[in-house]
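The structure file protein-v2.cif is reproduced below (mmCIF, C-alpha atoms).
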data_final
#
loop_
_atom_site.group_PDB
_atom_site.id
_atom_site.type_symbol
_atom_site.label_atom_id
_atom_site.label_comp_id
_atom_site.auth_asym_id
_atom_site.auth_seq_id
_atom_site.Cartn_x
_atom_site.Cartn_y
_atom_site.Cartn_z
ATOM 1 C CA MET V 1 -14.862 18.133 4.181
ATOM 2 C CA THR V 2 -17.099 16.801 1.454
ATOM 3 C CA THR V 3 -19.370 13.854 2.186
ATOM 4 C CA ILE V 4 -20.398 11.253 -0.337
ATOM 5 C CA VAL V 5 -22.718 8.482 0.860
ATOM 6 C CA GLY V 6 -21.816 9.011 4.495
ATOM 7 C CA ARG V 7 -18.041 9.066 3.935
ATOM 8 C CA ALA V 8 -15.953 12.141 4.543
ATOM 9 C CA LEU V 9 -13.545 13.071 1.766
ATOM 10 C CA PRO V 10 -10.867 15.713 2.155
ATOM 11 C CA ASP V 11 -11.501 18.904 0.219
ATOM 12 C CA ILE V 12 -9.332 19.462 -2.807
ATOM 13 C CA ARG V 13 -7.174 22.523 -2.290
ATOM 14 C CA GLU V 14 -7.687 25.232 -4.879
ATOM 15 C CA GLY V 15 -4.780 25.283 -7.316
ATOM 16 C CA SER V 16 -3.385 21.883 -6.325
ATOM 17 C CA GLN V 17 -2.364 19.318 -8.934
ATOM 18 C CA LEU V 18 -5.475 17.276 -8.175
ATOM 19 C CA ASP V 19 -7.690 20.337 -8.546
ATOM 20 C CA LEU V 20 -6.131 21.163 -11.918
ATOM 21 C CA PHE V 21 -6.522 17.563 -13.067
ATOM 22 C CA VAL V 22 -10.206 17.432 -12.075
ATOM 23 C CA LYS V 23 -10.935 20.738 -13.833
ATOM 24 C CA ARG V 24 -9.169 19.668 -17.033
ATOM 25 C CA PHE V 25 -10.835 16.277 -16.922
ATOM 26 C CA ARG V 26 -14.331 17.753 -16.559
ATOM 27 C CA ARG V 27 -13.759 20.074 -19.539
ATOM 28 C CA ASN V 28 -12.753 17.184 -21.802
ATOM 29 C CA ARG V 29 -16.081 15.633 -22.816
ATOM 30 C CA LEU V 30 -14.479 12.645 -24.555
ATOM 31 C CA ALA V 31 -12.477 11.797 -21.435
ATOM 32 C CA VAL V 32 -15.618 11.925 -19.289
ATOM 33 C CA VAL V 33 -17.536 9.737 -21.768
ATOM 34 C CA GLY V 34 -14.621 7.274 -21.930
ATOM 35 C CA PHE V 35 -14.446 7.165 -18.134
ATOM 36 C CA ILE V 36 -18.185 6.478 -17.866
ATOM 37 C CA ILE V 37 -17.980 3.714 -20.499
ATOM 38 C CA SER V 38 -15.023 2.151 -18.665
ATOM 39 C CA VAL V 39 -16.831 2.224 -15.316
ATOM 40 C CA VAL V 40 -19.944 0.661 -16.883
ATOM 41 C CA TYR V 41 -17.817 -2.011 -18.610
ATOM 42 C CA ILE V 42 -16.004 -2.905 -15.392
ATOM 43 C CA GLY V 43 -19.242 -2.822 -13.395
ATOM 44 C CA VAL V 44 -21.093 -5.094 -15.808
ATOM 45 C CA SER V 45 -18.155 -7.498 -15.902
ATOM 46 C CA LEU V 46 -17.993 -7.696 -12.116
ATOM 47 C CA VAL V 47 -21.725 -7.737 -11.313
ATOM 48 C CA GLY V 48 -23.013 -9.370 -14.516
ATOM 49 C CA PRO V 49 -22.465 -13.004 -13.502
ATOM 50 C CA PHE V 50 -24.890 -12.517 -10.616
ATOM 51 C CA LEU V 51 -27.496 -11.086 -12.999
ATOM 52 C CA THR V 52 -27.253 -13.583 -15.858
ATOM 53 C CA PRO V 53 -29.184 -16.797 -15.141
ATOM 54 C CA TYR V 54 -27.444 -18.955 -17.754
ATOM 55 C CA ASP V 55 -24.032 -20.589 -17.955
ATOM 56 C CA PRO V 56 -22.138 -19.004 -20.893
ATOM 57 C CA GLY V 57 -21.070 -22.388 -22.264
ATOM 58 C CA GLN V 58 -24.324 -24.269 -21.759
ATOM 59 C CA VAL V 59 -25.844 -25.348 -25.061
ATOM 60 C CA GLY V 60 -29.599 -25.328 -25.649
ATOM 61 C CA VAL V 61 -30.769 -22.843 -23.006
ATOM 62 C CA GLY V 62 -33.073 -21.398 -25.644
ATOM 63 C CA PRO V 63 -34.050 -21.894 -29.270
ATOM 64 C CA ASN V 64 -31.267 -21.544 -31.839
ATOM 65 C CA LEU V 65 -30.775 -17.999 -33.187
ATOM 66 C CA ALA V 66 -33.614 -16.589 -31.100
ATOM 67 C CA PRO V 67 -34.036 -12.807 -31.273
ATOM 68 C CA PRO V 68 -33.771 -10.687 -28.118
ATOM 69 C CA SER V 69 -36.574 -11.413 -25.666
ATOM 70 C CA ALA V 70 -37.432 -11.134 -21.983
ATOM 71 C CA ASP V 71 -35.641 -14.440 -21.300
ATOM 72 C CA HIS V 72 -32.594 -13.751 -23.499
ATOM 73 C CA TRP V 73 -31.918 -9.999 -23.660
ATOM 74 C CA PHE V 74 -29.299 -10.314 -26.436
ATOM 75 C CA GLY V 75 -30.880 -13.390 -28.005
ATOM 76 C CA THR V 76 -29.209 -16.761 -28.550
ATOM 77 C CA ASP V 77 -26.512 -18.023 -30.910
ATOM 78 C CA PRO V 78 -26.734 -20.926 -33.427
ATOM 79 C CA PHE V 79 -26.208 -23.427 -30.578
ATOM 80 C CA GLY V 80 -28.894 -21.941 -28.324
ATOM 81 C CA ARG V 81 -26.422 -20.343 -25.873
ATOM 82 C CA ASP V 82 -27.379 -17.079 -24.194
ATOM 83 C CA ILE V 83 -25.418 -14.245 -25.838
ATOM 84 C CA LEU V 84 -25.651 -11.865 -22.843
ATOM 85 C CA SER V 85 -24.018 -14.454 -20.572
ATOM 86 C CA ARG V 86 -21.271 -14.969 -23.135
ATOM 87 C CA VAL V 87 -20.659 -11.211 -23.493
ATOM 88 C CA VAL V 88 -20.375 -10.782 -19.717
ATOM 89 C CA LYS V 89 -17.964 -13.741 -19.480
ATOM 90 C CA GLY V 90 -15.907 -12.293 -22.348
ATOM 91 C CA GLY V 91 -15.728 -8.977 -20.505
ATOM 92 C CA GLN V 92 -14.449 -10.712 -17.389
ATOM 93 C CA ILE V 93 -11.740 -12.528 -19.323
ATOM 94 C CA SER V 94 -10.739 -9.323 -21.123
ATOM 95 C CA LEU V 95 -10.386 -7.446 -17.826
ATOM 96 C CA LEU V 96 -8.394 -10.279 -16.271
ATOM 97 C CA VAL V 97 -6.026 -10.456 -19.227
ATOM 98 C CA GLY V 98 -5.648 -6.682 -19.490
ATOM 99 C CA PHE V 99 -4.843 -6.055 -15.841
ATOM 100 C CA THR V 100 -2.606 -9.090 -15.473
ATOM 101 C CA VAL V 101 -0.625 -8.295 -18.629
ATOM 102 C CA VAL V 102 0.107 -4.823 -17.244
ATOM 103 C CA VAL V 103 1.240 -6.327 -13.928
ATOM 104 C CA VAL V 104 3.538 -8.816 -15.697
ATOM 105 C CA ALA V 105 4.898 -6.150 -18.072
ATOM 106 C CA CYS V 106 5.650 -3.790 -15.184
ATOM 107 C CA GLY V 107 7.014 -6.601 -13.025
ATOM 108 C CA VAL V 108 9.512 -7.618 -15.702
ATOM 109 C CA GLY V 109 10.196 -4.356 -17.560
ATOM 110 C CA ILE V 110 10.640 -1.923 -14.694
ATOM 111 C CA PRO V 111 13.225 -3.953 -12.731
ATOM 112 C CA ALA V 112 15.136 -4.749 -15.942
ATOM 113 C CA GLY V 113 15.200 -1.066 -16.898
ATOM 114 C CA LEU V 114 16.220 0.028 -13.403
ATOM 115 C CA VAL V 115 19.079 -2.471 -13.248
ATOM 116 C CA ALA V 116 20.276 -1.513 -16.738
ATOM 117 C CA GLY V 117 20.043 2.208 -16.065
ATOM 118 C CA TYR V 118 21.550 2.249 -12.604
ATOM 119 C CA TYR V 119 24.464 -0.194 -12.932
ATOM 120 C CA ARG V 120 25.302 0.501 -16.590
ATOM 121 C CA GLY V 121 28.417 -1.203 -17.950
ATOM 122 C CA ILE V 122 28.279 -4.790 -19.154
ATOM 123 C CA LEU V 123 24.967 -5.488 -17.412
ATOM 124 C CA ASP V 124 23.356 -2.538 -19.205
ATOM 125 C CA ARG V 125 24.668 -3.721 -22.563
ATOM 126 C CA ILE V 126 23.451 -7.282 -22.033
ATOM 127 C CA ILE V 127 19.962 -6.236 -20.914
ATOM 128 C CA MET V 128 19.504 -3.570 -23.572
ATOM 129 C CA ARG V 129 20.817 -5.740 -26.439
ATOM 130 C CA THR V 130 18.370 -8.437 -25.359
ATOM 131 C CA VAL V 131 15.576 -5.854 -25.252
ATOM 132 C CA GLU V 132 16.529 -4.567 -28.709
ATOM 133 C CA VAL V 133 16.540 -8.068 -30.195
ATOM 134 C CA VAL V 134 13.107 -8.725 -28.714
ATOM 135 C CA TYR V 135 11.935 -5.260 -29.854
ATOM 136 C CA ILE V 136 12.547 -6.255 -33.496
ATOM 137 C CA PHE V 137 9.435 -8.421 -33.451
ATOM 138 C CA PRO V 138 5.942 -6.891 -33.317
ATOM 139 C CA SER V 139 4.373 -7.467 -29.898
ATOM 140 C CA ILE V 140 1.621 -9.780 -31.090
ATOM 141 C CA LEU V 141 4.024 -11.830 -33.224
ATOM 142 C CA LEU V 142 6.350 -12.199 -30.230
ATOM 143 C CA ALA V 143 3.411 -13.288 -28.079
ATOM 144 C CA LEU V 144 2.406 -15.858 -30.711
ATOM 145 C CA ILE V 145 5.960 -17.224 -30.820
ATOM 146 C CA VAL V 146 6.047 -17.578 -27.016
ATOM 147 C CA ILE V 147 2.619 -19.273 -27.040
ATOM 148 C CA ALA V 148 3.785 -21.648 -29.787
ATOM 149 C CA ILE V 149 6.754 -22.611 -27.605
ATOM 150 C CA LEU V 150 4.909 -22.830 -24.254
ATOM 151 C CA GLY V 151 1.557 -24.167 -25.507
ATOM 152 C CA ALA V 152 -2.000 -22.915 -25.328
ATOM 153 C CA GLY V 153 -3.727 -21.626 -22.204
ATOM 154 C CA LEU V 154 -4.909 -18.335 -20.756
ATOM 155 C CA ASP V 155 -2.010 -18.155 -18.279
ATOM 156 C CA ARG V 156 0.487 -18.590 -21.119
ATOM 157 C CA VAL V 157 -1.243 -15.922 -23.197
ATOM 158 C CA ILE V 158 -1.012 -13.513 -20.258
ATOM 159 C CA PHE V 159 2.669 -14.366 -19.734
ATOM 160 C CA ALA V 160 3.461 -13.985 -23.459
ATOM 161 C CA LEU V 161 1.699 -10.628 -23.790
ATOM 162 C CA GLY V 162 3.292 -9.444 -20.533
ATOM 163 C CA LEU V 163 6.754 -10.256 -21.876
ATOM 164 C CA ALA V 164 5.964 -8.582 -25.198
ATOM 165 C CA TYR V 165 4.851 -5.365 -23.498
ATOM 166 C CA ALA V 166 7.689 -5.443 -20.938
ATOM 167 C CA VAL V 167 10.132 -4.333 -23.641
ATOM 168 C CA PRO V 168 8.886 -0.722 -23.915
ATOM 169 C CA MET V 169 8.637 -0.565 -20.118
ATOM 170 C CA ALA V 170 12.291 -1.561 -19.806
ATOM 171 C CA ARG V 171 13.414 1.045 -22.341
ATOM 172 C CA ILE V 172 11.438 3.872 -20.754
ATOM 173 C CA THR V 173 12.527 2.921 -17.228
ATOM 174 C CA ARG V 174 16.177 2.700 -18.272
ATOM 175 C CA GLY V 175 16.030 6.183 -19.784
ATOM 176 C CA SER V 176 14.489 7.594 -16.630
ATOM 177 C CA ALA V 177 17.009 5.784 -14.424
ATOM 178 C CA LEU V 178 19.902 7.168 -16.476
ATOM 179 C CA GLY V 179 18.522 10.693 -16.093
ATOM 180 C CA VAL V 180 17.998 10.390 -12.346
ATOM 181 C CA ARG V 181 21.371 8.683 -11.854
ATOM 182 C CA GLU V 182 23.165 11.810 -13.044
ATOM 183 C CA GLU V 183 21.331 14.123 -10.632
ATOM 184 C CA GLU V 184 23.297 15.589 -7.725
ATOM 185 C CA PHE V 185 21.107 14.110 -5.000
ATOM 186 C CA VAL V 186 21.886 10.514 -6.052
#

Kindly transcribe the structure held in the file into structure tokens.
Amino acid sequence: MTTIVGRALPDIREGSQLDLFVKRFRRNRLAVVGFIISVVYIGVSLVGPFLTPYDPGQVGVGPNLAPPSADHWFGTDPFGRDILSRVVKGGQISLLVGFTVVVVACGVGIPAGLVAGYYRGILDRIIMRTVEVVYIFPSILLALIVIAILGAGLDRVIFALGLAYAVPMARITRGSALGVREEEFV
């Protein structure tokens, strides 16, 4: 057993899939750098609000267009708002949108693809023709169309992007379901 900060972790068996993954990952310098940047980004977005003393939308917390200083690490914008607080808030919103869009895309696309691939027939044709019609539009254009119909708001943006990215999920899942459906064990 390996211990990290008082917690026991199971040893990785030599030659296992996890062992091979860890070895390949450590050799790829760009992957390690990307992982570190992602962890820092997520950490700053989660912990940053407790470290920034200013409200991101509050006007006049400092002089307009002030350079970086001890009070305002990234300086201030033309309205005197603290830029660091605004960057941290933007990171939080980006993480929320990113994770939620993936959940919506998987929640819509995977069941649609499974139903189309498993039951086939008329249901498959209806679902896949609908997916192909939606697939004609670029994802961002489709999201803009949905937002124009539903109205503005972060929840609607998340829903629109989730629907736009559910299309490839449905196609990939349907292909996998068709392949598994023909196996002997099914």

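Here CA of Ala116 in chain V and CA of Met128 in chain V stand 7.2 Å from one another.
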
Which range 88-109 of chain V residues have any atom within 12 Å of an atom of range 131-147 of chain V, and for each, what is the nearest pair of atoms with distance in Å to one decimal, counting all atoms listed in the file, rows sorted by chain and number, as JSON lines?
{"residue": "V:Val101", "atom": "CA", "partner": "V:Ala143", "partner_atom": "CA", "distance": 11.4}
{"residue": "V:Ala105", "atom": "CA", "partner": "V:Ser139", "partner_atom": "CA", "distance": 11.9}
{"residue": "V:Val108", "atom": "CA", "partner": "V:Val131", "partner_atom": "CA", "distance": 11.4}
{"residue": "V:Gly109", "atom": "CA", "partner": "V:Val131", "partner_atom": "CA", "distance": 9.5}

Since we have the selection now, will you write its residues out, keeping C-alpha atoms, as a PDB file, in the coordinates of the input?
ATOM      1  CA  VAL V 101      -0.625  -8.295 -18.629  1.00  0.00           C
ATOM      2  CA  ALA V 105       4.898  -6.150 -18.072  1.00  0.00           C
ATOM      3  CA  VAL V 108       9.512  -7.618 -15.702  1.00  0.00           C
ATOM      4  CA  GLY V 109      10.196  -4.356 -17.560  1.00  0.00           C
TER       5      GLY V 109
END

Near range 44-56 of chain V, counting all atoms listed in the file, which residues have an atom at most 6 Å away, once you skip same-chain residues fewer than 3 positions from it, shown as a short mmCIF file (atom, residue, chain, number, x, y, z; two decimals) with C-alpha atoms, in the frame of the given file?
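After the write, around-v4.cif holds the following:
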data_model
loop_
_atom_site.label_atom_id
_atom_site.label_comp_id
_atom_site.auth_asym_id
_atom_site.auth_seq_id
_atom_site.Cartn_x
_atom_site.Cartn_y
_atom_site.Cartn_z
CA VAL V 40 -19.94 0.66 -16.88
CA TYR V 41 -17.82 -2.01 -18.61
CA SER V 85 -24.02 -14.45 -20.57
CA ARG V 86 -21.27 -14.97 -23.14
CA VAL V 88 -20.38 -10.78 -19.72
CA GLY V 91 -15.73 -8.98 -20.50
CA GLN V 92 -14.45 -10.71 -17.39
#

Return as AutoDock Vina command-line options the centre and edge lengths, in Å with one decimal, of the box along x, y and z that encloses every atom of range 16-20 of chain V in the file, padded by 8 Å per side.
--center_x -5.0 --center_y 19.6 --center_z -9.1 --size_x 21.3 --size_y 20.6 --size_z 21.6

>> Suppose a student applies the PyMOL selection byres ((chain V and resi 176) around 12) to this structure; what residues should they get, written as a ChimeraX atom specification?
In response: /V:110,113-118,169-175,177-183

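For the set V:Ile149, V:Arg26, V:Ile42, V:Tyr165, the residue with the smallest atom-to-atom gap to Ser94 in chain V is V:Ile42, counting all atoms listed in the file.
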
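Shortest atom-to-atom contact with Leu161 in chain V among V:Asp124, V:Pro111, V:Asp71, V:Cys106: V:Cys106, counting only C-alpha atoms.
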
>> Can you spell out as a PyMOL selection string the set of residues that the PyMOL selection byres ((chain V and resi 82) around 10) selects in the structure I just provided?
In response: chain V and resi 52-66+68+71-77+79-81+83-87

>> Between CA of Ala160 in chain V and CA of Lys89 in chain V, what is the distance in Å, rounded to a tenth?
In response: 21.8 Å

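With all atoms listed in the file as the atoms that count, the residue of V:Leu18, V:Val102, V:Leu150, V:Ile36 with the shortest distance to Ala166 in chain V is V:Val102.
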
> Just how far from CA of Leu154 in chain V is CA of Val104 in chain V, in Å to one decimal?
Replying inline: 13.7 Å

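Counting all atoms listed in the file and comparing V:Val97, V:Asp11, V:Gly43, V:Val103, the residue that lies closest to Gly153 in chain V is V:Val97.
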
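The nearest approach to Asp155 in chain V among the residues V:Ile127, V:Ile12, V:Leu96, V:Ala112, with all atoms listed in the file taken into account, belongs to V:Leu96.
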
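Closest approach to Thr130 in chain V among V:Val167, V:Val39, V:Ile158, V:Ile93: V:Val167, based on only C-alpha atoms.
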